[in-house]
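Only one structure is covered here, and it is reproduced in the block below.
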Amino acid sequence: MLERIASMVWGPGLLVLLLGTGLWLSLRSRFFQLRGWKTILRETFGSLRRGSGDLKEGTPALTQFQTFSAALAAAMGTGNVIGVATALCIGGPGAIFWMWISAFLGMMLTYTENVLAMRYARELPDGTRVGGPMAYLRYGLGSRMLAALYAVFCIAASLGMGNMTQSSAISALAEEAFSIPPLAVGIAVAVLLGCILLRGVRGVGSVIQWLMPLLSAVYMLSALAVIVRHGDALPQAFQFIFRGAFGLDAVGGGISGALLREAVRTGLRHGIFSNEAGLGSSALVHAGGSSRDASLQGMWSMVEVALDTLVCCTLTALAVLTSGAMEQAQDAGSIITATFSGIFGGVSPQIMAIITALFAFCTLIGWCCCGEQAVGYLWGTRGLQPYRILFCLAAGAGAVVSLGAVWAVSDIANGLMAIPNLLGLLLLSGKEKLHCAEKKKVSNGFVEIPECES
């Protein structure tokens, strides 16, 4: 029953709503994600040399780079490795093209989420800051009910998709590659996670700011090495992607409706699962950062989507296609192992297990940041420490329990997060001028960021 409900929630209607909203926002901004790429790069990575925001001194918050790393961790995980191989198995190479489309439109979804979240953010009397989608649902739309529902769905998703399913993946990888019992993995994950999370913002920031960039760099360089090693197969790989994207049969040259339908459905859904654009998770993480510049947070979120899907997922797909791993193995895990066997040799299963498990662990940390924002909105600061303890216990349990029902509930919670969030984006984007220059405080006064070009 849960699986049927999940299929209904993530049916064609929600996919059309997600992508349609992304297309509408892209048209309104005159495709800012395409024409404004110079501005985006300058104001994101260039901003790291400037101050960290205008928070009161001593206020706990993630720095801009820590916020970026945490948001990237929440989105980038096992879906960028195993998930891409699964998409290739189900939808064929053409699914990758539709993942690109979902990321291109998703960049404007995350931009708008972050801009609206920053503009409608409020600080409650107890010091709790209301940010993320809860801010614009409550203070923008004026709906306490939608904001509360979103927070509840977010907490459910953080304990399911962002927690138990990730620790289950770590457990399965450890048992397969190193024969470590699931119970031992569960205890280790819960204890290590507790050592990080129970220290609060400082613990999360100090770990995520070095682990996520280093891990991403190691993995993407490894994938690039595979592509370079099989460079002669790269043109054919792109041919497979573009032909499959439009249902062109590689053998007969005709158009296959079934191939087209499966490529579109698989690519769009896996793309959304990969970058989480439209779910509001990016705005939740950025709400805990030190910067209060709305447009800057929006542009950082665009970079995160691009790195997650357009760069990392593409490198995985090209590595798989050029290496010929799909002809050597059947399931997604074996395909990834075969892909990297050319550069890692006989220890490829162990190395890829470590990399994928670390990705999953980073996702745990990132999603805890999302869940904390929702808990803070519902119960204030007094709910944060109990939530962190529950999060660690759930991670330990996820390593040893059967996850059939957990996966289904997580799918439902993720989909239900998107519905109120997209409603807020559609209704408020017509009222707000989202894509104009904003002012930013610097040492010599106020200067305008040329976010939009005339």
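The way I read the labels, and the way they are meant: chains A, B, ... in the order of the structure tokens, residue 1 as the first residue of every chain, and ligand 1 as the first ligand shown, with later ones counted on from there.
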For the interface of segment 84-199 of chain A with segment 26-36 of chain A (cut-off 12 Å, counting only C-alpha atoms), please tabulate each contacting residue of segment 84-199 of chain A alongside its nearest pair of atoms and their separation in Å to one decimal, rows sorted by chain and increasing number, as a Markdown table.
```
| residue | atom | partner | partner_atom | distance |
| --- | --- | --- | --- | --- |
| A:Ala103 | CA | A:Gln33 | CA | 10.4 |
| A:Phe104 | CA | A:Gln33 | CA | 7.5 |
| A:Leu105 | CA | A:Ser26 | CA | 6.8 |
| A:Gly106 | CA | A:Ser26 | CA | 9.2 |
| A:Met107 | CA | A:Gln33 | CA | 6.7 |
| A:Met108 | CA | A:Ser26 | CA | 6.0 |
| A:Leu109 | CA | A:Ser26 | CA | 8.5 |
| A:Thr110 | CA | A:Gln33 | CA | 10.9 |
| A:Tyr111 | CA | A:Gln33 | CA | 9.2 |
| A:Thr112 | CA | A:Ser26 | CA | 10.0 |
```
Might you pull out every residue within 12 Å of Leu390 of chain A, with only C-alpha atoms counted and same-chain residues fewer than 3 positions away left off, and present them as a compact mmCIF listing (two decimals) with C-alpha atoms, in the first residue's frame?
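Final output, result31.txt:
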```txt
# COMPACT_ATOMS: atom_id res chain seq x y z
CA ILE A 155 11.34 15.82 9.62
CA ALA A 156 9.92 12.54 8.29
CA SER A 158 15.20 13.63 7.24
CA LEU A 159 14.76 10.53 9.40
CA GLY A 160 13.95 8.33 6.39
CA ASN A 163 19.02 9.04 7.53
CA MET A 164 17.98 5.38 7.72
CA ALA A 190 25.53 6.24 15.50
CA LEU A 193 27.46 10.84 14.05
CA GLY A 194 26.74 11.68 17.69
CA LEU A 197 26.11 16.44 15.74
CA LEU A 198 25.94 16.80 19.52
CA CYS A 368 20.34 16.67 9.87
CA GLY A 371 15.68 18.53 9.91
CA GLU A 372 16.98 20.91 12.57
CA VAL A 375 12.33 21.09 14.39
CA GLY A 383 13.77 20.56 20.42
CA LEU A 384 17.19 20.54 18.74
CA GLN A 385 19.17 18.34 21.12
CA PRO A 386 16.44 15.65 21.42
CA TYR A 387 16.18 15.64 17.63
CA LEU A 393 19.60 6.45 17.05
CA ALA A 394 17.69 6.25 13.75
CA ALA A 395 20.99 6.06 11.86
CA GLY A 396 22.07 3.12 14.01
CA ALA A 397 18.73 1.38 13.49
```
Exercise. Excluding same-chain residues fewer than 3 positions from Leu146 of chain A, what lies within 8 Å of it counting only C-alpha atoms, as number ranges by chain?
Worked result: A: 134, 137-138, 143, 149-150, 420
Problem set entry | All helix (DSSP H, G or I) positions in segment 40-263 of chain A, as an NGL selection string | :A and (40-49 or 64-75 or 78-80 or 82-91 or 94-119 or 133-140 or 144-178 or 182-197 or 201-229 or 231-245 or 257-263)
Compile a residue-level contact table for segment 199-254 of chain A against segment 303-327 of chain A at a cut-off of 7 Å, reporting for every qualifying residue the shortest atom pair and its distance in Å to one decimal, with only C-alpha atoms counted, rows ordered by chain and ascending number, as CSV.
```
residue,atom,partner,partner_atom,distance
A:Met220,CA,A:Cys312,CA,6.4
A:Ala223,CA,A:Ala319,CA,5.7
A:Leu224,CA,A:Leu315,CA,6.6
A:Val226,CA,A:Ala319,CA,5.6
A:Ile227,CA,A:Ala319,CA,5.1
A:His230,CA,A:Thr322,CA,5.7
A:Ala233,CA,A:Thr322,CA,5.1
A:Leu234,CA,A:Thr322,CA,5.9
A:Ala237,CA,A:Leu321,CA,5.7
```
Output C-alpha atoms of each residue in that selection to a file, as a PDB file, in the first residue's frame.
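Writing the result to selection.pdb gives the following:
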```
ATOM      1  CA  MET A 220      35.273  13.237  -9.671  1.00  0.00           C
ATOM      2  CA  ALA A 223      35.766   9.298 -12.772  1.00  0.00           C
ATOM      3  CA  LEU A 224      37.665  11.691 -15.007  1.00  0.00           C
ATOM      4  CA  VAL A 226      38.354   6.511 -16.267  1.00  0.00           C
ATOM      5  CA  ILE A 227      37.010   8.771 -19.036  1.00  0.00           C
ATOM      6  CA  HIS A 230      38.786   5.298 -22.478  1.00  0.00           C
ATOM      7  CA  ALA A 233      34.828   5.839 -26.629  1.00  0.00           C
ATOM      8  CA  LEU A 234      33.704   9.319 -25.519  1.00  0.00           C
ATOM      9  CA  ALA A 237      28.971   7.694 -25.317  1.00  0.00           C
TER      10      ALA A 237
END
```
Problem set entry | Residue nearest Arg129 of chain A among A:Ser7, A:Asn275, A:Ser69, A:Gln373 (counting only C-alpha atoms) | A:Gln373
I want to know what sits within 12 Å of Ala73 of chain A, based on only C-alpha atoms, with residues of the same chain fewer than 3 positions away left out; could you give that as a JSON list (two decimals) with N, CA and C atoms, in the first residue's frame?
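And here's around.json as it stands now:
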```json
[["chain", "number", "residue", "atom", "x", "y", "z"],
["A", 66, "GLN", "N", 30.98, 26.59, 4.67],
["A", 66, "GLN", "CA", 30.39, 25.46, 5.39],
["A", 66, "GLN", "C", 28.93, 25.24, 4.96],
["A", 67, "THR", "N", 28.20, 26.34, 4.76],
["A", 67, "THR", "CA", 26.82, 26.23, 4.27],
["A", 67, "THR", "C", 26.78, 25.57, 2.91],
["A", 68, "PHE", "N", 27.66, 26.00, 2.02],
["A", 68, "PHE", "CA", 27.76, 25.41, 0.68],
["A", 68, "PHE", "C", 28.06, 23.93, 0.77],
["A", 69, "SER", "N", 29.01, 23.55, 1.62],
["A", 69, "SER", "CA", 29.39, 22.14, 1.76],
["A", 69, "SER", "C", 28.24, 21.32, 2.34],
["A", 70, "ALA", "N", 27.53, 21.87, 3.33],
["A", 70, "ALA", "CA", 26.42, 21.15, 3.94],
["A", 70, "ALA", "C", 25.27, 20.95, 2.95],
["A", 76, "MET", "N", 24.23, 15.68, -2.70],
["A", 76, "MET", "CA", 25.17, 14.77, -3.33],
["A", 76, "MET", "C", 25.42, 13.57, -2.43],
["A", 77, "GLY", "N", 25.11, 12.40, -2.90],
["A", 77, "GLY", "CA", 25.28, 11.20, -2.09],
["A", 77, "GLY", "C", 25.34, 9.96, -2.95],
["A", 78, "THR", "N", 24.75, 8.89, -2.45],
["A", 78, "THR", "CA", 24.78, 7.63, -3.19],
["A", 78, "THR", "C", 24.07, 7.75, -4.54],
["A", 79, "GLY", "N", 23.12, 8.70, -4.65],
["A", 79, "GLY", "CA", 22.42, 8.88, -5.92],
["A", 79, "GLY", "C", 23.33, 9.33, -7.04],
["A", 80, "ASN", "N", 24.44, 9.97, -6.71],
["A", 80, "ASN", "CA", 25.39, 10.41, -7.73],
["A", 80, "ASN", "C", 26.28, 9.29, -8.23],
["A", 162, "GLY", "N", 16.94, 10.82, 4.37],
["A", 162, "GLY", "CA", 18.21, 11.45, 4.73],
["A", 162, "GLY", "C", 18.95, 10.75, 5.85],
["A", 204, "VAL", "N", 29.35, 20.27, 13.16],
["A", 204, "VAL", "CA", 28.95, 20.05, 11.76],
["A", 204, "VAL", "C", 29.85, 20.81, 10.81],
["A", 205, "GLY", "N", 30.07, 22.09, 11.10],
["A", 205, "GLY", "CA", 30.86, 22.93, 10.19],
["A", 205, "GLY", "C", 32.29, 22.47, 10.05],
["A", 207, "VAL", "N", 33.58, 19.52, 10.33],
["A", 207, "VAL", "CA", 33.73, 18.26, 9.60],
["A", 207, "VAL", "C", 33.35, 18.43, 8.13],
["A", 208, "ILE", "N", 32.20, 19.03, 7.89],
["A", 208, "ILE", "CA", 31.67, 19.07, 6.53],
["A", 208, "ILE", "C", 32.48, 19.96, 5.60],
["A", 209, "GLN", "N", 33.15, 20.99, 6.14],
["A", 209, "GLN", "CA", 33.87, 21.92, 5.27],
["A", 209, "GLN", "C", 35.11, 21.32, 4.62],
["A", 210, "TRP", "N", 35.64, 20.24, 5.22],
["A", 210, "TRP", "CA", 36.79, 19.60, 4.57],
["A", 210, "TRP", "C", 36.43, 18.24, 3.98],
["A", 211, "LEU", "N", 35.50, 17.51, 4.62],
["A", 211, "LEU", "CA", 35.18, 16.17, 4.14],
["A", 211, "LEU", "C", 34.47, 16.20, 2.80],
["A", 212, "MET", "N", 33.45, 17.05, 2.65],
["A", 212, "MET", "CA", 32.66, 17.05, 1.42],
["A", 212, "MET", "C", 33.46, 17.51, 0.20],
["A", 213, "PRO", "N", 34.18, 18.65, 0.26],
["A", 213, "PRO", "CA", 34.97, 19.04, -0.93],
["A", 213, "PRO", "C", 36.05, 18.02, -1.28],
["A", 214, "LEU", "N", 36.73, 17.47, -0.27],
["A", 214, "LEU", "CA", 37.79, 16.50, -0.53],
["A", 214, "LEU", "C", 37.22, 15.24, -1.15],
["A", 215, "LEU", "N", 36.13, 14.74, -0.60],
["A", 215, "LEU", "CA", 35.51, 13.53, -1.12],
["A", 215, "LEU", "C", 35.02, 13.72, -2.55],
["A", 216, "SER", "N", 34.37, 14.85, -2.80],
["A", 216, "SER", "CA", 33.87, 15.14, -4.16],
["A", 216, "SER", "C", 35.01, 15.22, -5.16],
["A", 274, "SER", "N", 18.42, 13.45, -7.31],
["A", 274, "SER", "CA", 19.84, 13.75, -7.14],
["A", 274, "SER", "C", 20.06, 15.15, -6.58],
["A", 275, "ASN", "N", 19.46, 16.16, -7.22],
["A", 275, "ASN", "CA", 19.75, 17.54, -6.79],
["A", 275, "ASN", "C", 18.71, 18.12, -5.84],
["A", 276, "GLU", "N", 17.56, 17.44, -5.67],
["A", 276, "GLU", "CA", 16.51, 17.84, -4.72],
["A", 276, "GLU", "C", 15.94, 19.22, -5.00],
["A", 281, "SER", "N", 15.05, 21.71, 0.32],
["A", 281, "SER", "CA", 16.12, 21.32, 1.24],
["A", 281, "SER", "C", 17.31, 22.29, 1.18],
["A", 282, "SER", "N", 17.60, 22.82, 0.01],
["A", 282, "SER", "CA", 18.70, 23.78, -0.10],
["A", 282, "SER", "C", 18.43, 25.02, 0.74],
["A", 285, "VAL", "N", 19.09, 24.39, 4.49],
["A", 285, "VAL", "CA", 20.50, 24.41, 4.91],
["A", 285, "VAL", "C", 21.02, 25.83, 4.92],
["A", 304, "GLU", "N", 25.42, 24.58, -6.51],
["A", 304, "GLU", "CA", 25.29, 23.25, -5.90],
["A", 304, "GLU", "C", 24.57, 22.28, -6.84],
["A", 305, "VAL", "N", 23.48, 22.74, -7.47],
["A", 305, "VAL", "CA", 22.75, 21.88, -8.41],
["A", 305, "VAL", "C", 23.63, 21.53, -9.60],
["A", 307, "LEU", "N", 26.95, 21.42, -9.77],
["A", 307, "LEU", "CA", 28.00, 20.48, -9.39],
["A", 307, "LEU", "C", 27.44, 19.09, -9.15],
["A", 308, "ASP", "N", 26.27, 19.02, -8.55],
["A", 308, "ASP", "CA", 25.68, 17.74, -8.22],
["A", 308, "ASP", "C", 25.31, 16.94, -9.46],
["A", 358, "LEU", "N", 31.19, 7.12, 2.42],
["A", 358, "LEU", "CA", 31.48, 8.48, 2.90],
["A", 358, "LEU", "C", 30.49, 9.49, 2.32],
["A", 359, "PHE", "N", 30.11, 9.30, 1.06],
["A", 359, "PHE", "CA", 29.06, 10.15, 0.48],
["A", 359, "PHE", "C", 27.77, 10.02, 1.29],
["A", 360, "ALA", "N", 27.41, 8.78, 1.62],
["A", 360, "ALA", "CA", 26.19, 8.56, 2.40],
["A", 360, "ALA", "C", 26.30, 9.20, 3.77],
["A", 361, "PHE", "N", 27.47, 9.15, 4.39],
["A", 361, "PHE", "CA", 27.66, 9.75, 5.71],
["A", 361, "PHE", "C", 27.54, 11.28, 5.63],
["A", 362, "CYS", "N", 28.07, 11.86, 4.57],
["A", 362, "CYS", "CA", 27.92, 13.31, 4.38],
["A", 362, "CYS", "C", 26.45, 13.69, 4.20],
["A", 363, "THR", "N", 25.71, 12.84, 3.49],
["A", 363, "THR", "CA", 24.28, 13.09, 3.32],
["A", 363, "THR", "C", 23.56, 13.06, 4.66],
["A", 364, "LEU", "N", 23.97, 12.17, 5.55],
["A", 364, "LEU", "CA", 23.41, 12.13, 6.90],
["A", 364, "LEU", "C", 23.58, 13.48, 7.60],
["A", 365, "ILE", "N", 24.78, 14.03, 7.53],
["A", 365, "ILE", "CA", 25.06, 15.31, 8.19],
["A", 365, "ILE", "C", 24.25, 16.43, 7.56],
["A", 366, "GLY", "N", 24.21, 16.46, 6.21],
["A", 366, "GLY", "CA", 23.48, 17.51, 5.52],
["A", 366, "GLY", "C", 22.00, 17.49, 5.82],
["A", 367, "TRP", "N", 21.41, 16.29, 5.85],
["A", 367, "TRP", "CA", 19.97, 16.20, 6.11],
["A", 367, "TRP", "C", 19.64, 16.49, 7.57],
["A", 368, "CYS", "N", 20.57, 16.28, 8.48],
["A", 368, "CYS", "CA", 20.34, 16.67, 9.87],
["A", 368, "CYS", "C", 20.19, 18.19, 9.95],
["A", 369, "CYS", "N", 20.97, 18.92, 9.16],
["A", 369, "CYS", "CA", 20.83, 20.38, 9.11],
["A", 369, "CYS", "C", 19.43, 20.77, 8.63],
["A", 370, "CYS", "N", 18.91, 20.05, 7.64],
["A", 370, "CYS", "CA", 17.55, 20.32, 7.15],
["A", 370, "CYS", "C", 16.52, 20.05, 8.24]]
```
Exercise. Neighbours of Glu262 of chain A within 12 Å (only C-alpha atoms; same-chain residues fewer than 2 positions away dropped), as number ranges by chain?
Worked result: A: 87-96, 98, 244-247, 256-260, 264-270
Keeping only N, CA and C atoms, write the selected residues to a file as a PDB file, in the first residue's frame.
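Output file selection07.pdb is given in full below:
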```pdb
ATOM      1  N   ALA A  87      19.873   4.498 -13.012  1.00  0.00           N
ATOM      2  CA  ALA A  87      19.162   5.217 -14.073  1.00  0.00           C
ATOM      3  C   ALA A  87      19.562   4.701 -15.450  1.00  0.00           C
ATOM      4  N   LEU A  88      20.835   4.385 -15.633  1.00  0.00           N
ATOM      5  CA  LEU A  88      21.300   3.848 -16.919  1.00  0.00           C
ATOM      6  C   LEU A  88      20.699   2.464 -17.171  1.00  0.00           C
ATOM      7  N   CYS A  89      20.584   1.674 -16.115  1.00  0.00           N
ATOM      8  CA  CYS A  89      20.001   0.330 -16.275  1.00  0.00           C
ATOM      9  C   CYS A  89      18.526   0.397 -16.637  1.00  0.00           C
ATOM     10  N   ILE A  90      17.784   1.310 -16.005  1.00  0.00           N
ATOM     11  CA  ILE A  90      16.342   1.385 -16.213  1.00  0.00           C
ATOM     12  C   ILE A  90      15.979   2.172 -17.465  1.00  0.00           C
ATOM     13  N   GLY A  91      16.547   3.368 -17.598  1.00  0.00           N
ATOM     14  CA  GLY A  91      16.148   4.265 -18.684  1.00  0.00           C
ATOM     15  C   GLY A  91      17.109   4.344 -19.849  1.00  0.00           C
ATOM     16  N   GLY A  92      18.246   3.644 -19.755  1.00  0.00           N
ATOM     17  CA  GLY A  92      19.227   3.701 -20.828  1.00  0.00           C
ATOM     18  C   GLY A  92      20.026   4.987 -20.791  1.00  0.00           C
ATOM     19  N   PRO A  93      21.015   5.125 -21.686  1.00  0.00           N
ATOM     20  CA  PRO A  93      21.845   6.336 -21.708  1.00  0.00           C
ATOM     21  C   PRO A  93      21.050   7.623 -21.896  1.00  0.00           C
ATOM     22  N   GLY A  94      19.912   7.542 -22.577  1.00  0.00           N
ATOM     23  CA  GLY A  94      19.109   8.745 -22.815  1.00  0.00           C
ATOM     24  C   GLY A  94      18.607   9.387 -21.546  1.00  0.00           C
ATOM     25  N   ALA A  95      18.524   8.622 -20.447  1.00  0.00           N
ATOM     26  CA  ALA A  95      18.063   9.181 -19.170  1.00  0.00           C
ATOM     27  C   ALA A  95      18.979  10.295 -18.687  1.00  0.00           C
ATOM     28  N   ILE A  96      20.270  10.223 -19.049  1.00  0.00           N
ATOM     29  CA  ILE A  96      21.227  11.243 -18.606  1.00  0.00           C
ATOM     30  C   ILE A  96      20.867  12.617 -19.178  1.00  0.00           C
ATOM     31  N   TRP A  98      17.916  13.783 -19.840  1.00  0.00           N
ATOM     32  CA  TRP A  98      16.780  14.328 -19.099  1.00  0.00           C
ATOM     33  C   TRP A  98      17.160  14.660 -17.665  1.00  0.00           C
ATOM     34  N   GLY A 244      19.375   8.094 -27.314  1.00  0.00           N
ATOM     35  CA  GLY A 244      18.450   7.501 -26.361  1.00  0.00           C
ATOM     36  C   GLY A 244      17.489   8.516 -25.773  1.00  0.00           C
ATOM     37  N   ALA A 245      17.913   9.770 -25.686  1.00  0.00           N
ATOM     38  CA  ALA A 245      17.068  10.808 -25.092  1.00  0.00           C
ATOM     39  C   ALA A 245      15.793  11.037 -25.891  1.00  0.00           C
ATOM     40  N   PHE A 246      15.829  10.788 -27.181  1.00  0.00           N
ATOM     41  CA  PHE A 246      14.672  11.025 -28.035  1.00  0.00           C
ATOM     42  C   PHE A 246      14.105   9.736 -28.618  1.00  0.00           C
ATOM     43  N   GLY A 247      14.466   8.607 -27.962  1.00  0.00           N
ATOM     44  CA  GLY A 247      13.880   7.330 -28.338  1.00  0.00           C
ATOM     45  C   GLY A 247      14.352   6.793 -29.660  1.00  0.00           C
ATOM     46  N   SER A 256      11.492   4.743 -30.927  1.00  0.00           N
ATOM     47  CA  SER A 256      10.808   3.831 -30.018  1.00  0.00           C
ATOM     48  C   SER A 256      10.089   4.643 -28.944  1.00  0.00           C
ATOM     49  N   GLY A 257       8.777   4.585 -28.924  1.00  0.00           N
ATOM     50  CA  GLY A 257       8.013   5.311 -27.918  1.00  0.00           C
ATOM     51  C   GLY A 257       8.286   4.812 -26.522  1.00  0.00           C
ATOM     52  N   ALA A 258       8.439   3.489 -26.357  1.00  0.00           N
ATOM     53  CA  ALA A 258       8.713   2.921 -25.040  1.00  0.00           C
ATOM     54  C   ALA A 258      10.071   3.371 -24.523  1.00  0.00           C
ATOM     55  N   LEU A 259      11.078   3.388 -25.406  1.00  0.00           N
ATOM     56  CA  LEU A 259      12.414   3.838 -25.020  1.00  0.00           C
ATOM     57  C   LEU A 259      12.397   5.307 -24.629  1.00  0.00           C
ATOM     58  N   LEU A 260      11.692   6.119 -25.411  1.00  0.00           N
ATOM     59  CA  LEU A 260      11.591   7.546 -25.117  1.00  0.00           C
ATOM     60  C   LEU A 260      10.907   7.780 -23.772  1.00  0.00           C
ATOM     61  N   VAL A 264      12.745   9.481 -20.473  1.00  0.00           N
ATOM     62  CA  VAL A 264      12.257  10.746 -19.910  1.00  0.00           C
ATOM     63  C   VAL A 264      11.882  10.554 -18.448  1.00  0.00           C
ATOM     64  N   ARG A 265      11.075   9.536 -18.164  1.00  0.00           N
ATOM     65  CA  ARG A 265      10.594   9.323 -16.796  1.00  0.00           C
ATOM     66  C   ARG A 265      11.753   9.058 -15.837  1.00  0.00           C
ATOM     67  N   THR A 266      12.657   8.174 -16.233  1.00  0.00           N
ATOM     68  CA  THR A 266      13.769   7.811 -15.359  1.00  0.00           C
ATOM     69  C   THR A 266      14.730   8.981 -15.166  1.00  0.00           C
ATOM     70  N   GLY A 267      15.063   9.659 -16.251  1.00  0.00           N
ATOM     71  CA  GLY A 267      16.014  10.765 -16.160  1.00  0.00           C
ATOM     72  C   GLY A 267      15.497  11.908 -15.312  1.00  0.00           C
ATOM     73  N   LEU A 268      14.225  12.293 -15.516  1.00  0.00           N
ATOM     74  CA  LEU A 268      13.673  13.404 -14.745  1.00  0.00           C
ATOM     75  C   LEU A 268      13.576  13.057 -13.264  1.00  0.00           C
ATOM     76  N   ARG A 269      13.079  11.851 -12.977  1.00  0.00           N
ATOM     77  CA  ARG A 269      12.904  11.482 -11.567  1.00  0.00           C
ATOM     78  C   ARG A 269      14.244  11.348 -10.856  1.00  0.00           C
ATOM     79  N   HIS A 270      15.217  10.687 -11.488  1.00  0.00           N
ATOM     80  CA  HIS A 270      16.522  10.543 -10.843  1.00  0.00           C
ATOM     81  C   HIS A 270      17.242  11.874 -10.744  1.00  0.00           C
TER      82      HIS A 270
END
```
Problem set entry | Interatomic distance (Å, one decimal) between atom CA of Gly186 of chain A and atom CA of Ala399 of chain A |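 Going from atom CA of Gly186 of chain A over to atom CA of Ala399 of chain A, I get 4.9 Å.
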Exercise. Which polymer residues have any atom within 12 Å of an atom of Cys195 of chain A, counting only C-alpha atoms, with same-chain residues fewer than 6 positions away left out, as an MDAnalysis selection string?
Worked result: chainID A and resid 188:189 202:204 206:207 365 388:389 392
For this session: Work out how far atom CA of Ser301 of chain A is from atom CA of Gly22 of chain A, in Å to one decimal.
Result: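 Separation between atom CA of Gly22 of chain A and atom CA of Ser301 of chain A: 14.1 Å.
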Problem set entry | Between atom CA of His286 of chain A and atom CA of Gly132 of chain A - distance in Å to one decimal |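 Answer for the atom CA of Gly132 of chain A to atom CA of His286 of chain A separation: 7.6 Å.
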Problem set entry | Close residues, segment 400-405 of chain A itself excluded, 10 Å, only C-alpha atoms, min 2 positions apart in chain, as a list in words | Met1, Leu2, Glu3, Gly160, Met164, Thr165, Ser167, Ser168, Ser171, Ala172, Pro181, Pro182, Leu183, Ala184, Val185, Gly186, Ile187, Ala395, Gly396, Ala397, Gly398, Trp407, Ala408, Val409, Ser410 and Asp411 of chain A
Problem set entry | Nearest to Thr337 of chain A by atom-to-atom distance, counting only C-alpha atoms, from A:Leu19, A:Ala225, A:Ile82, A:Ile419 |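 Smallest distance to Thr337 of chain A is found for A:Ile82.
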